[in-house]
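Trainee: Here it is, the structure in full.
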Amino acid sequence: MSIPWWRDAVVYEIYVRSFADASGDGVGDLPGIRRRLPYLAELGVDAIWLTPFYPSPMNDGGYDVADYRDVDPLFGSLDDFSALVADAHAHGLRVIVDIVPNHSSSDHAWFQEALRGVGRDRYVFRDEPNNWQSTFSGPAWTQLDDGQWYLHLFAPSQPDFNWRNPVVHEEFLSILKFWLDLGVDGFRIDVAMGLYKAEGFPDVEDQSFMSVSPIWGQAEVHEVYREWRKVLDGYPGERMAVGEVWTDDPADLARYVRPDELHQSFNFAWLQAPWSPTAFRTVIDDTLATVPFATWVLSNHDVVRHRTRYGTEDPGAGLPRAKAALLTMLALPGSAYLYQGEELGLPEVTDIPDEDRQDPIFFQSKGTLPGRDGCRVPIPWSATGASHGFSPEGVKPWLPQPSVFADLSVEAQEGDEESTLAFYRRALARRRDLLKEIPYNLEWLDSPEGALFFTRGSLICAINCGLEPVRLPPHTSVTLASGPLKGDLLPPDTAVWLHAE
């Protein structure tokens, strides 16, 4: 049986508003992405994942969808989308799009009807609220003038759908088919564990986003993905779905990845692991023991960039550790998801002025939480200009870029074989070659204190998270290292791929 393309794919997440602006309004768009497809093909990824580009008031960066079957004029048109898909396929890139089934925008036609008292059973309305809190801060309920309350587990402008209504099921099956007919290769499902809420809406003590509770992770959600899997399997070309599933239990995560449900689910335990060989091994063991098709991710549009996370105590260690973690991740069985700009070594932008911030988390928390703007700053393509090449000359981007982006831009790194960009290109190219000869499973090797060694056939991966150099395991040659080696020693904050007969 042939191996499905998504099993070992490297997927590049594009936060559409911040990737490339072709229209000159300071906001990224679909034509901008289309122009940069050669860059992505040269980088060596297998697929791109597009964050929402649907019509939206943009109260939450497009995750508040007003129309699931169109493109917001801010980003282009349906014709632009079709052209992007065609060009991506011509470059050998698959296209995954975001689908947001937990909630819509309050501007959605259905919710506007609900405000007039029509079709309220398509959303969650109650006569009395419970104690649930929004993940963005504050109560998860808003009261209308007629006295009823509606649920919004995120912003008040994002009312939650009622998935106990079969009309909602039919609507999303139709939406999936609409985009599949336009040629998309898969879907990333936002808040995939959150569609169903417990009947009766009991008060809850633990309202963690990761907890399996009346708020998140109800068992009925699995039937939704069985319905969706049937639709996906009915299309040619191995269409797929990956879920954003936050859970603190690997076994619960695995329940979403079954032959008749989702193909993949994001493995956020890898992203959350501290810089520790023990923590890394625990996540790897738990994942491979429970999830049939593993995924690995270090950064995305919702979290602090991993260069900054790894450099919290020592900023100088951030980039070396980020590169070492990337090399280790790419050696693991399964697929890897990259976030735009990490191939440039971009840090989190932590000094965005309050007046420039856009994230509703910042506003709902009254400024006590910084929100996610810091990882969403438009990426730099050139070393100069008002937007470092993100927008046409003279146009400022929707979020301000720091001056350090000049030295980290694509232009500044092109031709520099020691750059982070060159390292990513080498790693992705060599990984693609290695996949032709190495087995899926890994085996652990004896590792010195502070380090972690494993092998997949002829590939040995070693990472040193300790404070002192460690001796490399027996090998015949060095394939790729994240930093300079010292003879037969692996320095701290460094990873290496070795070849063994």
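In the structure tokens, chains take the letters A, B, ... in the order shown, each chain's residues start at 1, and ligands count up from 1 in the order shown.
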Excluding region 96-110 of chain A and any residue of its chain fewer than 2 positions from it, enumerate the residues within 6 Å of it, using only C-alpha atoms, and give them as a list in words.
Mentor: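 Within the cut-off, the hits are Trp49, Leu50, Thr51, Pro52, Asp64, Val65, Ala66, Gln112, Glu113, Ser157, Gln158, Pro159, Asp160, Phe161, Asp185, Gly186, Phe187, Arg188, Ile189, Asp190 and Leu195 of chain A.
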Trainee: Using N, CA, C and O atoms, can you write the selected residues to a file as a short mmCIF file (atom, residue, chain, number, x, y, z; two decimals), in the first residue's frame?
Mentor:
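The resulting file, again-v6.cif, is shown below:
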```cif
data_model
loop_
_atom_site.label_atom_id
_atom_site.label_comp_id
_atom_site.auth_asym_id
_atom_site.auth_seq_id
_atom_site.Cartn_x
_atom_site.Cartn_y
_atom_site.Cartn_z
N TRP A 49 -0.42 25.70 4.55
CA TRP A 49 -1.68 25.82 5.27
C TRP A 49 -1.99 27.31 5.37
O TRP A 49 -1.19 28.08 5.87
N LEU A 50 -3.17 27.69 4.87
CA LEU A 50 -3.61 29.08 4.88
C LEU A 50 -4.55 29.33 6.04
O LEU A 50 -5.58 28.64 6.18
N THR A 51 -4.26 30.32 6.86
CA THR A 51 -5.21 30.73 7.89
C THR A 51 -6.42 31.38 7.22
O THR A 51 -6.39 31.68 6.02
N PRO A 52 -7.52 31.61 7.93
CA PRO A 52 -8.76 32.05 7.29
C PRO A 52 -8.61 33.31 6.43
O PRO A 52 -8.01 34.30 6.84
N ASP A 64 -13.16 34.91 12.84
CA ASP A 64 -14.57 35.26 13.01
C ASP A 64 -15.16 35.33 11.59
O ASP A 64 -15.12 36.37 10.94
N VAL A 65 -15.67 34.20 11.13
CA VAL A 65 -16.06 34.05 9.72
C VAL A 65 -17.50 34.49 9.51
O VAL A 65 -18.42 34.01 10.18
N ALA A 66 -17.70 35.38 8.54
CA ALA A 66 -19.04 35.85 8.21
C ALA A 66 -19.65 35.09 7.03
O ALA A 66 -20.86 35.03 6.89
N GLN A 112 -27.22 37.02 12.51
CA GLN A 112 -28.06 38.20 12.34
C GLN A 112 -29.53 37.83 12.39
O GLN A 112 -30.35 38.57 12.95
N GLU A 113 -29.87 36.66 11.82
CA GLU A 113 -31.25 36.18 11.94
C GLU A 113 -31.57 35.84 13.39
O GLU A 113 -32.67 36.13 13.89
N SER A 157 -17.89 38.65 19.64
CA SER A 157 -18.23 38.68 18.21
C SER A 157 -18.06 37.33 17.54
O SER A 157 -18.12 37.22 16.32
N GLN A 158 -17.87 36.26 18.36
CA GLN A 158 -17.70 34.90 17.84
C GLN A 158 -18.66 33.94 18.53
O GLN A 158 -18.25 33.12 19.36
N PRO A 159 -19.95 34.00 18.22
CA PRO A 159 -20.92 33.12 18.87
C PRO A 159 -20.71 31.66 18.49
O PRO A 159 -20.45 31.33 17.34
N ASP A 160 -20.83 30.78 19.48
CA ASP A 160 -20.64 29.33 19.26
C ASP A 160 -21.85 28.71 18.58
O ASP A 160 -23.00 28.97 18.95
N PHE A 161 -21.56 27.83 17.60
CA PHE A 161 -22.62 27.06 16.97
C PHE A 161 -23.17 26.01 17.93
O PHE A 161 -22.48 25.55 18.84
N ASP A 185 -6.49 20.45 -0.78
CA ASP A 185 -6.00 19.11 -0.46
C ASP A 185 -6.31 18.70 0.97
O ASP A 185 -6.12 17.53 1.33
N GLY A 186 -6.76 19.65 1.78
CA GLY A 186 -7.05 19.29 3.15
C GLY A 186 -7.53 20.48 3.95
O GLY A 186 -7.61 21.61 3.47
N PHE A 187 -7.87 20.19 5.21
CA PHE A 187 -8.39 21.21 6.13
C PHE A 187 -7.66 21.14 7.46
O PHE A 187 -7.36 20.05 7.97
N ARG A 188 -7.37 22.29 8.02
CA ARG A 188 -6.95 22.41 9.40
C ARG A 188 -8.18 22.85 10.18
O ARG A 188 -8.79 23.87 9.85
N ILE A 189 -8.58 22.10 11.18
CA ILE A 189 -9.84 22.33 11.89
C ILE A 189 -9.57 23.10 13.17
O ILE A 189 -8.93 22.60 14.10
N ASP A 190 -10.05 24.31 13.23
CA ASP A 190 -9.87 25.17 14.39
C ASP A 190 -10.69 24.66 15.58
O ASP A 190 -11.86 24.29 15.42
N LEU A 195 -16.52 21.46 19.70
CA LEU A 195 -17.82 21.72 19.07
C LEU A 195 -19.00 21.44 19.99
O LEU A 195 -19.97 22.20 20.00
#
```
Trainee: Which residues are near region 23-34 of chain A? Cut-off 9 Å, only C-alpha atoms, ignore same chain within fewer than 6 positions. Put them as number ranges by chain.
Mentor: A: 14-17, 53, 74-77, 80-81, 83-85, 87-88, 378, 387, 390-393, 395-399
Trainee: Given the choices A:Ala251, A:Ala9, A:Thr328, A:Asp21, which gets closest to His388 (chain A) if the distance is worked out from only C-alpha atoms?
Mentor: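 Residue with the minimum atom-to-atom distance to His388 (chain A): A:Asp21.
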Trainee: Identify which of the residues A:Leu435, A:Val224, A:Glu13, A:Gly138 lies closest to Glu342 (chain A), counting only C-alpha atoms when measuring atom-to-atom distances.
Mentor: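 Among the listed residues, A:Glu13 lies closest to Glu342 (chain A).
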Trainee: Sorted by chain and rising residue number, list the residues of region 275-357 of chain A at most 12 Å from region 361-376 of chain A (counting only C-alpha atoms), each with its closest atom pair and distance in Å to one decimal, as a tab-separated table.
Mentor:
```
residue	atom	partner	partner_atom	distance
A:Ser299	CA	A:Cys375	CA	8.8
A:Asn300	CA	A:Cys375	CA	7.8
A:His301	CA	A:Cys375	CA	6.1
A:Asp302	CA	A:Arg372	CA	5.7
A:Val303	CA	A:Arg372	CA	6.6
A:Val304	CA	A:Cys375	CA	6.0
A:Arg305	CA	A:Cys375	CA	6.0
A:His306	CA	A:Cys375	CA	9.8
A:Arg307	CA	A:Cys375	CA	10.8
A:Thr308	CA	A:Cys375	CA	10.0
A:Arg309	CA	A:Cys375	CA	11.5
A:Tyr339	CA	A:Cys375	CA	9.5
A:Gln340	CA	A:Arg376	CA	9.2
A:Gly341	CA	A:Cys375	CA	9.3
A:Glu342	CA	A:Cys375	CA	10.0
A:Gly345	CA	A:Cys375	CA	11.9
A:Leu346	CA	A:Cys375	CA	8.8
A:Pro347	CA	A:Cys375	CA	7.8
A:Glu348	CA	A:Gly374	CA	5.2
A:Val349	CA	A:Gly374	CA	4.4
A:Thr350	CA	A:Gly374	CA	5.8
A:Asp351	CA	A:Gly374	CA	8.1
A:Ile352	CA	A:Gly374	CA	7.2
A:Pro353	CA	A:Pro370	CA	10.4
A:Asp354	CA	A:Gly367	CA	8.1
A:Glu355	CA	A:Phe363	CA	10.8
A:Asp356	CA	A:Asp373	CA	9.4
A:Arg357	CA	A:Asp373	CA	6.6
```
